[in-house]
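Note: the block below is coords.csv and it holds CSV, C-alpha atoms and all ligand atoms.
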chain,number,residue,atom,x,y,z
A,30,MET,CA,0.0,0.0,0.0
A,31,THR,CA,1.3,3.5,-0.9
A,32,SER,CA,1.0,6.0,1.9
A,33,PRO,CA,-1.2,8.9,0.8
A,34,LEU,CA,1.3,11.1,2.6
A,35,LEU,CA,3.8,10.3,-0.2
A,36,THR,CA,1.5,11.0,-3.1
A,37,THR,CA,-0.7,13.9,-2.3
A,38,GLY,CA,2.0,16.6,-2.5
A,39,ASP,CA,0.5,18.4,0.5
A,40,ALA,CA,2.2,16.4,3.2
A,41,PRO,CA,1.7,17.7,6.8
A,42,GLU,CA,4.5,19.6,8.5
A,43,GLN,CA,5.0,16.8,11.0
A,44,LEU,CA,5.1,13.0,10.8
A,45,THR,CA,5.5,10.1,13.1
A,46,LEU,CA,7.4,6.9,12.3
A,47,ASP,CA,4.2,4.9,11.9
A,48,GLN,CA,2.7,7.3,9.4
A,49,ILE,CA,5.4,6.7,6.9
A,50,ASN,CA,5.1,3.7,4.6
A,51,ALA,CA,8.7,2.8,4.0
A,52,THR,CA,8.4,-0.4,2.0
A,53,VAL,CA,10.4,0.0,-1.2
A,54,SER,CA,10.0,-1.9,-4.5
A,55,VAL,CA,12.9,-3.0,-6.8
A,56,GLU,CA,11.5,-0.6,-9.5
A,57,GLU,CA,11.8,2.3,-7.1
A,58,VAL,CA,15.4,1.3,-6.3
A,59,VAL,CA,16.3,1.1,-10.0
A,60,ALA,CA,14.6,4.5,-10.7
A,61,GLY,CA,16.8,6.1,-8.1
A,62,PHE,CA,20.1,5.2,-9.8
A,63,VAL,CA,21.4,8.8,-9.7
A,64,PRO,CA,23.7,10.6,-7.2
A,65,PRO,CA,21.8,11.5,-4.0
A,66,PRO,CA,20.9,15.1,-3.2
A,67,ARG,CA,24.1,15.9,-1.3
A,68,PHE,CA,26.1,15.1,-4.5
A,69,ALA,CA,23.6,16.2,-7.1
A,70,THR,CA,25.8,19.0,-8.3
A,71,ALA,CA,29.3,17.7,-7.3
A,72,SER,CA,31.8,18.3,-10.1
A,73,PHE,CA,35.5,18.1,-10.8
A,74,ALA,CA,35.5,21.9,-10.8
A,75,THR,CA,34.1,22.1,-7.3
A,76,TYR,CA,36.6,19.6,-5.9
A,77,GLN,CA,39.5,21.5,-4.3
A,78,PRO,CA,42.5,19.3,-4.1
A,79,ASP,CA,44.6,19.8,-1.0
A,80,PRO,CA,47.8,21.4,-2.2
A,81,VAL,CA,49.9,19.2,0.1
A,82,GLU,CA,48.3,16.0,-1.1
A,83,PRO,CA,49.4,15.3,-4.7
A,84,SER,CA,47.3,12.1,-4.8
A,85,GLN,CA,44.2,14.3,-4.8
A,86,THR,CA,45.3,16.3,-7.9
A,87,ALA,CA,46.3,13.1,-9.6
A,88,ALA,CA,43.0,11.4,-8.9
A,89,VAL,CA,41.1,14.3,-10.5
A,90,ALA,CA,43.3,14.2,-13.6
A,91,GLN,CA,43.0,10.4,-13.9
A,92,LEU,CA,39.3,10.3,-13.5
A,93,GLN,CA,38.8,13.1,-16.0
A,94,THR,CA,40.9,11.2,-18.5
A,95,TYR,CA,39.1,8.0,-17.8
A,96,VAL,CA,35.6,9.3,-18.3
A,97,SER,CA,36.5,11.4,-21.3
A,98,GLU,CA,37.7,8.2,-23.0
A,99,LEU,CA,34.5,6.3,-22.4
A,100,ALA,CA,33.0,5.9,-25.9
A,101,PRO,CA,29.4,4.8,-25.6
A,102,GLU,CA,28.4,2.2,-28.2
A,103,ASP,CA,25.5,4.5,-29.2
A,104,LYS,CA,27.8,7.1,-30.6
A,105,PRO,CA,28.3,6.7,-34.4
A,106,ARG,CA,32.1,6.7,-34.1
A,107,ALA,CA,32.0,4.1,-31.4
A,108,ARG,CA,29.6,1.9,-33.3
A,109,PHE,CA,31.9,2.0,-36.4
A,110,PHE,CA,35.1,1.3,-34.4
A,111,GLY,CA,33.3,-0.9,-31.8
A,112,ARG,CA,34.8,-4.2,-32.8
A,113,TRP,CA,38.2,-2.7,-33.3
A,114,ARG,CA,38.2,-0.9,-30.0
A,115,ARG,CA,37.3,-4.0,-28.1
A,116,GLN,CA,40.1,-6.0,-29.7
A,117,ALA,CA,42.7,-3.3,-29.2
A,118,GLU,CA,41.9,-2.8,-25.6
A,119,PRO,CA,44.5,-4.1,-23.2
A,120,ASP,CA,43.5,-7.0,-20.9
A,121,GLY,CA,44.3,-4.9,-17.8
A,122,PRO,CA,41.8,-3.7,-15.2
A,123,ARG,CA,38.8,-1.9,-16.7
A,124,GLY,CA,37.5,-0.3,-13.5
A,125,ILE,CA,38.7,2.3,-11.1
A,126,TYR,CA,38.7,1.8,-7.4
A,127,LEU,CA,38.9,5.0,-5.3
A,128,ASP,CA,40.5,4.0,-2.0
A,129,GLY,CA,41.0,6.3,0.9
A,130,GLY,CA,40.0,7.3,4.5
A,131,TYR,CA,36.7,8.9,5.2
A,132,GLY,CA,35.9,12.4,4.1
A,133,VAL,CA,38.7,12.7,1.5
A,134,GLY,CA,36.2,13.3,-1.3
A,135,LYS,CA,35.8,9.9,-2.9
A,136,THR,CA,32.1,10.1,-3.2
A,137,HIS,CA,32.4,13.7,-4.5
A,138,LEU,CA,34.7,12.4,-7.2
A,139,LEU,CA,32.5,9.4,-8.0
A,140,ALA,CA,29.5,11.7,-8.5
A,141,SER,CA,31.7,14.1,-10.5
A,142,SER,CA,32.6,11.2,-12.8
A,143,TYR,CA,28.9,10.3,-13.2
A,144,HIS,CA,28.0,13.9,-14.1
A,145,ALA,CA,30.9,14.2,-16.6
A,146,THR,CA,29.9,11.1,-18.5
A,147,SER,CA,27.6,11.0,-21.4
A,148,GLY,CA,25.9,7.8,-22.4
A,149,LEU,CA,23.9,5.5,-20.2
A,150,LYS,CA,25.1,5.6,-16.7
A,151,ALA,CA,24.0,4.6,-13.2
A,152,TYR,CA,25.0,5.6,-9.7
A,153,LEU,CA,24.1,3.4,-6.7
A,154,SER,CA,25.6,2.2,-3.4
A,155,PHE,CA,27.1,-1.3,-3.2
A,156,GLN,CA,24.3,-2.3,-0.9
A,157,GLU,CA,21.7,-1.2,-3.4
A,158,LEU,CA,23.5,-3.1,-6.1
A,159,ALA,CA,23.5,-6.2,-4.0
A,160,TYR,CA,19.8,-5.8,-3.3
A,161,VAL,CA,18.9,-5.3,-7.0
A,162,ILE,CA,21.0,-8.4,-8.0
A,163,GLY,CA,19.3,-10.4,-5.2
A,164,ALA,CA,15.9,-9.3,-6.4
A,165,MET,CA,16.4,-9.5,-10.2
A,166,GLY,CA,18.8,-12.5,-10.3
A,167,MET,CA,22.3,-12.5,-11.5
A,168,VAL,CA,21.7,-13.2,-15.2
A,169,SER,CA,19.0,-10.4,-15.6
A,170,SER,CA,21.1,-8.0,-13.6
A,171,VAL,CA,24.2,-8.5,-15.8
A,172,GLU,CA,22.0,-8.3,-18.9
A,173,ALA,CA,20.5,-5.0,-17.6
A,174,PHE,CA,23.7,-3.3,-16.6
A,175,ARG,CA,25.6,-4.5,-19.7
A,176,ARG,CA,23.9,-1.8,-21.6
A,177,TYR,CA,25.4,0.9,-19.4
A,178,THR,CA,28.6,2.8,-20.3
A,179,LEU,CA,29.4,3.7,-16.7
A,180,LEU,CA,28.4,2.2,-13.4
A,181,CYS,CA,29.3,4.2,-10.3
A,182,VAL,CA,29.2,2.1,-7.1
A,183,ASP,CA,29.6,3.9,-3.8
A,184,GLU,CA,31.0,2.2,-0.7
A,185,PHE,CA,32.1,-1.1,-1.9
A,186,GLU,CA,32.5,-3.5,1.0
A,187,LEU,CA,32.3,-7.2,1.5
A,188,ASP,CA,30.4,-8.3,4.7
A,189,ASP,CA,29.9,-12.0,4.1
A,190,VAL,CA,30.5,-14.9,1.8
A,191,GLY,CA,27.2,-14.2,-0.1
A,192,ASN,CA,28.0,-10.7,-1.2
A,193,THR,CA,31.6,-11.8,-2.0
A,194,MET,CA,30.4,-14.4,-4.5
A,195,LEU,CA,27.8,-12.1,-5.9
A,196,ALA,CA,30.3,-9.2,-6.4
A,197,LYS,CA,32.8,-11.5,-8.0
A,198,THR,CA,30.3,-13.0,-10.5
A,199,PHE,CA,28.7,-9.6,-11.3
A,200,ILE,CA,32.0,-7.7,-11.8
A,201,THR,CA,33.8,-10.3,-13.8
A,202,ASN,CA,30.9,-10.7,-16.1
A,203,LEU,CA,30.1,-7.0,-16.5
A,204,THR,CA,33.6,-5.9,-17.2
A,205,GLN,CA,34.0,-8.3,-20.1
A,206,GLY,CA,31.5,-6.1,-22.0
A,207,GLN,CA,31.5,-2.3,-22.7
A,208,THR,CA,30.6,-1.3,-19.1
A,209,HIS,CA,33.1,0.5,-17.0
A,210,ILE,CA,32.9,0.6,-13.2
A,211,ILE,CA,34.2,3.3,-10.8
A,212,THR,CA,33.8,2.4,-7.1
A,213,THR,CA,34.7,3.9,-3.8
A,214,SER,CA,35.8,2.2,-0.6
A,215,ASN,CA,37.5,2.7,2.7
A,216,THR,CA,39.3,-0.6,2.3
A,217,LEU,CA,41.9,-1.8,-0.3
A,218,PRO,CA,40.5,-4.5,-2.6
A,219,SER,CA,43.0,-7.0,-1.2
A,220,ASP,CA,41.8,-6.3,2.4
A,221,LEU,CA,38.1,-6.6,1.7
A,222,GLY,CA,36.1,-8.6,4.2
A,223,GLN,CA,38.9,-8.7,6.8
A,224,GLY,CA,37.6,-9.0,10.3
A,225,ARG,CA,34.0,-9.5,9.0
A,226,PHE,CA,34.1,-13.1,7.8
A,227,ALA,CA,36.6,-15.8,7.0
A,228,ALA,CA,37.9,-13.7,4.0
A,229,GLU,CA,41.1,-15.7,3.9
A,230,ASN,CA,39.1,-18.7,2.5
A,231,PHE,CA,38.0,-16.5,-0.4
A,232,ARG,CA,41.3,-15.1,-1.5
A,233,ARG,CA,40.7,-16.3,-5.0
A,234,GLU,CA,37.4,-14.5,-5.4
A,235,ILE,CA,38.6,-11.4,-3.7
A,236,GLY,CA,41.7,-11.5,-6.0
A,237,GLN,CA,39.4,-11.7,-9.0
A,238,ILE,CA,37.4,-8.7,-7.8
A,239,ALA,CA,40.7,-6.8,-7.2
A,240,ALA,CA,42.0,-7.7,-10.7
A,241,ALA,CA,39.1,-5.8,-12.3
A,242,PHE,CA,40.2,-2.5,-10.9
A,243,LYS,CA,43.1,-0.1,-11.0
A,244,VAL,CA,43.4,1.4,-7.5
A,245,LEU,CA,43.6,5.2,-7.1
A,246,ARG,CA,44.6,5.9,-3.5
A,247,ILE,CA,43.5,9.3,-2.2
A,248,GLU,CA,45.4,10.5,0.8
A,249,GLY,CA,44.4,13.4,3.0
A,250,ARG,CA,42.5,14.6,6.0
A,251,ASP,CA,38.8,14.4,6.6
A,252,TYR,CA,37.4,17.4,4.6
A,253,ARG,CA,34.4,17.6,7.0
A,254,GLN,CA,36.8,18.5,9.9
A,255,ARG,CA,37.2,21.9,8.4
A,256,ASN,CA,34.1,22.7,10.4
A,257,TYR,CA,34.8,20.8,13.6
A,258,GLN,CA,37.6,19.0,15.4
A,259,PRO,CA,37.1,15.4,16.4
A,260,ASP,CA,37.5,16.3,20.1
A,261,THR,CA,34.6,18.8,19.8
A,262,LEU,CA,32.3,16.3,18.2
A,263,SER,CA,29.8,16.4,21.0
A,264,GLN,CA,29.4,20.1,21.0
A,265,GLY,CA,26.5,19.8,18.5
A,266,LEU,CA,24.5,17.7,20.9
A,267,LEU,CA,21.4,19.2,22.7
A,268,THR,CA,19.7,18.5,26.0
A,269,ASP,CA,16.3,16.9,25.7
A,270,GLN,CA,14.6,20.2,26.5
A,271,GLN,CA,16.6,22.0,23.9
A,272,LEU,CA,15.8,19.3,21.3
A,273,LYS,CA,12.0,19.7,22.1
A,274,ASP,CA,12.2,23.4,21.7
A,275,ALA,CA,14.2,23.1,18.5
A,276,PHE,CA,11.6,20.7,17.1
A,277,THR,CA,8.7,23.1,18.0
A,278,ALA,CA,10.5,26.0,16.4
A,279,TYR,CA,11.6,24.2,13.3
A,280,HIS,CA,9.9,24.9,10.0
A,281,SER,CA,11.3,22.9,7.2
A,282,THR,CA,11.2,24.2,3.7
A,283,ARG,CA,11.6,20.8,2.0
A,284,GLY,CA,9.7,18.1,3.9
A,285,ALA,CA,8.0,17.1,7.2
A,286,LYS,CA,9.8,17.0,10.5
A,287,LEU,CA,10.1,13.8,12.6
A,288,TYR,CA,10.6,13.6,16.4
A,289,ALA,CA,11.4,10.1,17.8
A,290,SER,CA,13.1,8.7,20.9
A,291,PHE,CA,16.2,6.7,20.2
A,292,ALA,CA,14.5,3.6,21.5
A,293,GLU,CA,11.5,4.1,19.3
A,294,LEU,CA,13.7,4.7,16.3
A,295,THR,CA,15.9,1.6,16.7
A,296,ALA,CA,12.8,-0.6,17.2
A,297,HIS,CA,11.3,0.8,14.0
A,298,LEU,CA,14.5,0.3,12.0
A,299,ALA,CA,14.7,-3.3,13.1
A,300,ARG,CA,11.4,-4.0,11.4
A,301,LEU,CA,12.6,-2.7,8.0
A,302,HIS,CA,15.0,-3.9,5.4
A,303,PRO,CA,17.9,-1.4,5.3
A,304,ILE,CA,17.2,-0.8,1.6
A,305,SER,CA,13.9,0.9,2.7
A,306,TYR,CA,15.6,3.5,5.0
A,307,GLN,CA,15.8,5.9,2.1
A,308,ARG,CA,12.1,5.6,1.6
A,309,LEU,CA,11.5,6.1,5.3
A,310,LEU,CA,13.4,9.4,5.0
A,311,ALA,CA,11.9,10.5,1.7
A,312,PRO,CA,9.1,12.7,3.0
A,313,LEU,CA,11.3,14.2,5.7
A,314,GLY,CA,13.3,17.4,5.8
A,315,ALA,CA,14.4,17.1,9.4
A,316,VAL,CA,14.9,14.4,12.0
A,317,PHE,CA,15.1,15.0,15.8
A,318,ILE,CA,16.4,12.1,17.8
A,319,GLU,CA,15.9,12.2,21.6
A,320,GLY,CA,18.2,10.3,24.0
A,321,LEU,CA,20.9,8.8,21.7
A,322,ALA,CA,22.6,6.2,24.0
A,323,PRO,CA,25.4,3.7,23.7
A,324,MET,CA,24.5,0.7,21.5
A,325,ASP,CA,25.5,-2.6,23.0
A,326,ASP,CA,24.2,-4.7,20.1
A,327,GLN,CA,26.2,-4.5,16.9
A,328,ASN,CA,23.1,-5.1,14.8
A,329,ILE,CA,21.4,-2.1,16.2
A,330,ALA,CA,24.6,-0.1,15.7
A,331,LEU,CA,24.9,-1.1,12.0
A,332,ARG,CA,21.3,-0.3,11.3
A,333,PHE,CA,21.8,3.1,12.9
A,334,VAL,CA,25.0,3.7,10.9
A,335,HIS,CA,23.0,2.9,7.7
A,336,LEU,CA,20.3,5.4,8.7
A,337,ILE,CA,22.9,8.1,9.3
A,338,ASP,CA,24.5,7.3,5.9
A,339,LYS,CA,21.1,7.8,4.1
A,340,LEU,CA,20.3,10.9,6.1
A,341,TYR,CA,23.7,12.3,5.2
A,342,ASP,CA,23.3,11.5,1.5
A,343,GLN,CA,19.8,13.0,1.4
A,344,GLY,CA,21.0,16.1,3.1
A,345,ILE,CA,18.3,15.9,5.8
A,346,HIS,CA,18.7,18.2,8.9
A,347,LEU,CA,19.6,16.2,12.0
A,348,ALA,CA,19.3,17.3,15.7
A,349,VAL,CA,20.1,15.0,18.6
A,350,SER,CA,20.1,14.9,22.4
A,351,ALA,CA,22.3,12.2,24.0
A,352,GLN,CA,22.9,10.4,27.3
A,353,CYS,CA,26.7,10.2,26.5
A,354,ASP,CA,29.4,11.7,24.4
A,355,LEU,CA,29.0,11.0,20.7
A,356,ALA,CA,32.4,9.2,20.6
A,357,ASP,CA,30.9,6.6,23.1
A,358,ILE,CA,27.7,5.6,21.2
A,359,PHE,CA,29.4,2.6,19.6
A,360,SER,CA,30.5,0.0,22.2
A,361,GLN,CA,34.2,-0.7,22.6
A,362,GLU,CA,33.3,-4.4,22.3
A,363,TYR,CA,32.9,-4.2,18.6
A,364,ARG,CA,34.0,-0.7,17.4
A,365,ASP,CA,37.6,-1.6,16.9
A,366,LYS,CA,37.0,-4.7,14.9
A,367,GLY,CA,35.9,-5.4,11.3
A,368,TYR,CA,33.5,-2.4,11.1
A,369,ALA,CA,35.8,0.1,12.8
A,370,LYS,CA,36.1,2.4,9.7
A,371,LYS,CA,32.3,2.3,9.3
A,372,TYR,CA,31.8,3.6,12.8
A,373,ARG,CA,34.4,6.3,12.5
A,374,ARG,CA,33.0,7.4,9.2
A,375,CYS,CA,29.5,7.5,10.9
A,376,LEU,CA,30.8,9.8,13.6
A,377,SER,CA,32.4,12.0,11.0
A,378,ARG,CA,29.1,12.3,9.1
A,379,ILE,CA,27.1,13.0,12.3
A,380,GLY,CA,29.7,15.7,13.2
A,381,GLU,CA,29.1,17.3,9.8
A,382,LEU,CA,25.3,17.0,10.0
A,383,LEU,CA,25.1,18.5,13.5
A,384,GLN,CA,27.0,21.6,12.2
A,385,GLU,CA,24.9,22.1,9.2
A,386,PRO,CA,22.1,24.8,9.5
A,387,GLY,CA,18.6,23.4,9.1
B,401,LIG,N1,38.7,18.4,-2.0
B,401,LIG,C1,37.4,18.7,-1.8
B,401,LIG,N2,36.9,19.8,-2.3
B,401,LIG,C2,35.6,20.2,-2.1
B,401,LIG,N3,34.8,19.5,-1.4
B,401,LIG,C3,35.2,18.3,-0.8
B,401,LIG,C4,36.6,17.9,-1.0
B,401,LIG,N4,36.7,16.7,-0.3
B,401,LIG,C5,35.5,16.5,0.2
B,401,LIG,N5,34.6,17.4,0.0
B,401,LIG,C6,33.3,17.5,0.5
B,401,LIG,O1,33.3,17.0,1.8
B,401,LIG,C7,32.3,16.1,2.1
B,401,LIG,C8,32.8,14.7,2.3
B,401,LIG,O2,33.4,14.2,1.1
B,401,LIG,P1,33.0,12.8,0.5
B,401,LIG,O3,31.7,12.4,1.1
B,401,LIG,O4,33.1,12.8,-0.9
B,401,LIG,O5,34.1,11.9,1.2
B,401,LIG,P2,34.4,10.4,1.2
B,401,LIG,O6,35.8,10.2,0.9
B,401,LIG,O7,33.4,9.7,0.2
B,401,LIG,O8,34.0,10.0,2.6
B,401,LIG,P3,33.3,8.7,3.3
B,401,LIG,O9,34.4,7.7,3.6
B,401,LIG,O10,32.6,9.2,4.5
B,401,LIG,O11,32.4,8.1,2.3
B,401,LIG,C9,31.4,16.2,0.9
B,401,LIG,O12,30.4,17.2,1.1
B,401,LIG,C10,32.3,16.6,-0.3
B,401,LIG,O13,31.6,17.3,-1.3
B,402,MG,MG,31.8,8.4,0.4
Spit out the file's structure as structure tokens when you get a sec.
Amino acid sequence: MTSPLLTTGDAPEQLTLDQINATVSVEEVVAGFVPPPRFATASFATYQPDPVEPSQTAAVAQLQTYVSELAPEDKPRARFFGRWRRQAEPDGPRGIYLDGGYGVGKTHLLASSYHATSGLKAYLSFQELAYVIGAMGMVSSVEAFRRYTLLCVDEFELDDVGNTMLAKTFITNLTQGQTHIITTSNTLPSDLGQGRFAAENFRREIGQIAAAFKVLRIEGRDYRQRNYQPDTLSQGLLTDQQLKDAFTAYHSTRGAKLYASFAELTAHLARLHPISYQRLLAPLGAVFIEGLAPMDDQNIALRFVHLIDKLYDQGIHLAVSAQCDLADIFSQEYRDKGYAKKYRRCLSRIGELLQEPG
């Protein structure tokens, strides 16, 4: 059932979690294969390489060359030389893998590459890709994406054996055709999966994935920290009363506002497939979370991280009150293990979101 709130165009100023129908269809996921609002206008021109980090200038130049050389089959010249081009192309990696710490601008460069490419192109997260392949089947997915000139995949990561096998089959099949892939990750291809599952037993598959890409390593500091220092991360937090007052006073220009306690929110997230979080957020312009608290359960933590990722991508205003410092929301039990980078990246994103004006 489609919620009337999502279709009438005159949505109320305020919504509760239960009023939002968040179930998403495969068709909706496919239709959303474009960069999210935060990166809707990202371009090579607006990327400012750090003068002390030559890898940033080099990455921009290499990506610009890469996308300028993509010749879609639908161009007359490409059709004429299509056969010849394929035969002359070296057997080396066809894809580009943007590797680097969080906040160095990988996604900005990925979206810039998308915008700079003519021809059929798609932009989606690795999680969305895995979901679409799961829903459509491998053969249909390869067939569908084979028509694309460029596939931009944000946040490549391997969490388990299932998505390792899926990624290997999809990437090796797709890159045999005309499709080029650019992907971003916080982890080098050879280190994918480490600390998350018995990745050492899948060296061969991970090696095949790695072989499809040329790695561009981007060094540098977290660009988001131009607005805050990590040790001042918690300064953006409010008290419960301040949060209530901020909610009452808030008038969003771009969607409804949602106020939820942290407990309510985590219970709600557990009932949804993570692919639906984007839909949950779709009618919203602002989210107010009361009583953020340390998360003992890693499943709760990973769902929360995913929600923040989507909130961040969609550019939705966030305000939070908390029972602890932000740095302590992820339990020490798990935060230094396989998902450590994911948790640190989440804190970086919350830090930026809390600084942004509504
Ligand atoms: N060199 C830069 N010039 C201009 N804007 C930048 C630059 N680097 C990053 N940004 C901006 O900083 C924010 C963070 O960058 P981005 O999300 O691209 O980083 P990332 O490397 O993908 O990080 P993450 O690991 O969190 O995914 C974005 O708003 C992006 O547009
Ligand atoms: Mg990114």
Report as a tab-separated table: every residue of chain A with an atom at most 6 Å from ligand LIG 401 (chain B), its closest pair of atoms, and their distance in Å to one decimal, counting all atoms listed in the file, with rows sorted by chain and ascending residue number.
residue	atom	partner	partner_atom	distance
A:Thr75	CA	B:LIG401	C2	5.7
A:Tyr76	CA	B:LIG401	N2	3.6
A:Gln77	CA	B:LIG401	N2	3.7
A:Pro78	CA	B:LIG401	N1	4.4
A:Gly130	CA	B:LIG401	O9	5.7
A:Tyr131	CA	B:LIG401	O9	3.0
A:Gly132	CA	B:LIG401	O8	3.4
A:Val133	CA	B:LIG401	O6	3.9
A:Gly134	CA	B:LIG401	O4	3.2
A:Lys135	CA	B:LIG401	O6	3.8
A:Thr136	CA	B:LIG401	O7	3.7
A:His137	CA	B:LIG401	O4	3.8
A:Asn215	CA	B:LIG401	O9	6.0
A:Tyr252	CA	B:LIG401	C5	4.9
A:Arg253	CA	B:LIG401	O1	5.3
A:Arg374	CA	B:LIG401	O10	5.0
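Near Ile358 (chain A), within 6 Å and counting all atoms listed in the file, sit Ala322, Pro323 and Met324 of chain A, not including residues fewer than 4 positions from it in the same chain.
Minimum atom-to-atom distances from A:Thr261, A:Ser54, A:Thr94, A:Thr213 to Leu127 (chain A) were compared using only C-alpha atoms, and the lowest value belongs to A:Thr213.
Interatomic distance, CA of Asp338 (chain A) against CA of Gln271 (chain A): 24.5 Å.
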*Counting all atoms listed in the file, what is within 10 Å of Ile235 (chain A), bar same-chain residues fewer than 3 positions away, as a list in words?*
Leu187, Thr193, Met194, Ala196, Lys197, Pro218, Ser219, Asp220, Leu221, Gly222, Ala228, Glu229, Asn230, Phe231, Arg232, Ile238, Ala239 and Ala240 of chain A
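We find CA of Leu287 (chain A) and CA of Tyr368 (chain A) to be spaced 28.5 Å apart.
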*Find the residues around region 87-89 of chain A up to 10 Å (only C-alpha atoms counted), leave out those fewer than 2 positions away in its own chain, and share them as a list of chain:residue names.*
A:Phe73, A:Ala74, A:Tyr76, A:Gln77, A:Pro78, A:Glu82, A:Pro83, A:Ser84, A:Gln85, A:Gln91, A:Leu92, A:Gln93, A:Thr94, A:Tyr95, A:Leu127, A:Lys135, A:Leu138, A:Ser141, A:Ser142, A:Leu245, A:Arg246, A:Ile247
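Between CA of Phe62 (chain A) and CA of Glu157 (chain A) the interatomic distance comes to 9.2 Å.
Closest approach to Phe155 (chain A) from the set A:Phe317, A:Tyr306, A:Phe242, A:Phe199 is made by A:Phe199, with distances taken over all atoms listed in the file.
Each of A:Glu319, A:Asp47, A:Glu184, A:Asp128 was compared to ligand MG 402 (chain B) using all atoms listed in the file, and A:Glu184 turns out to be the nearest.
Of the listed residues (A:Leu382, A:Ala289, A:Ile200, A:Cys375), A:Cys375 comes nearest to ligand MG 402 (chain B); the distances count all atoms listed in the file.
Non-sequential neighbours of region 342-347 of chain A (distance at most 8 Å, separation of 4 or more positions within a chain, only C-alpha atoms) are Pro65, Pro66, Arg67, Phe68, Leu313, Gly314, Ala315, Val316, Phe317, Ile318, Asp338, Leu382, Leu383, Glu385, Pro386 and Gly387 of chain A.
Between Gly265 (chain A) and the candidates A:Ala356, A:Ala330, A:Asp365, A:Ser350, the tightest atom-to-atom separation, counting all atoms listed in the file, involves A:Ser350.
Across A:Ala351, A:Ala311, A:Ala299, A:Leu262, the tightest approach to Phe333 (chain A) is made by A:Ala299 when counting all atoms listed in the file.
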Taking all atoms listed in the file into account, produce a table as CSV in which each residue of region 220-296 of chain A with an atom at most 10 Å from an atom of region 204-211 of chain A appears once, together with its shortest atom pair and the distance in Å to one decimal, ordered by chain and rising number.
residue,atom,partner,partner_atom,distance
A:Ala241,CA,A:Thr204,CA,7.4
A:Phe242,CA,A:Ile210,CA,8.3
A:Lys243,CA,A:Ile211,CA,9.5
A:Val244,CA,A:Ile211,CA,10.0
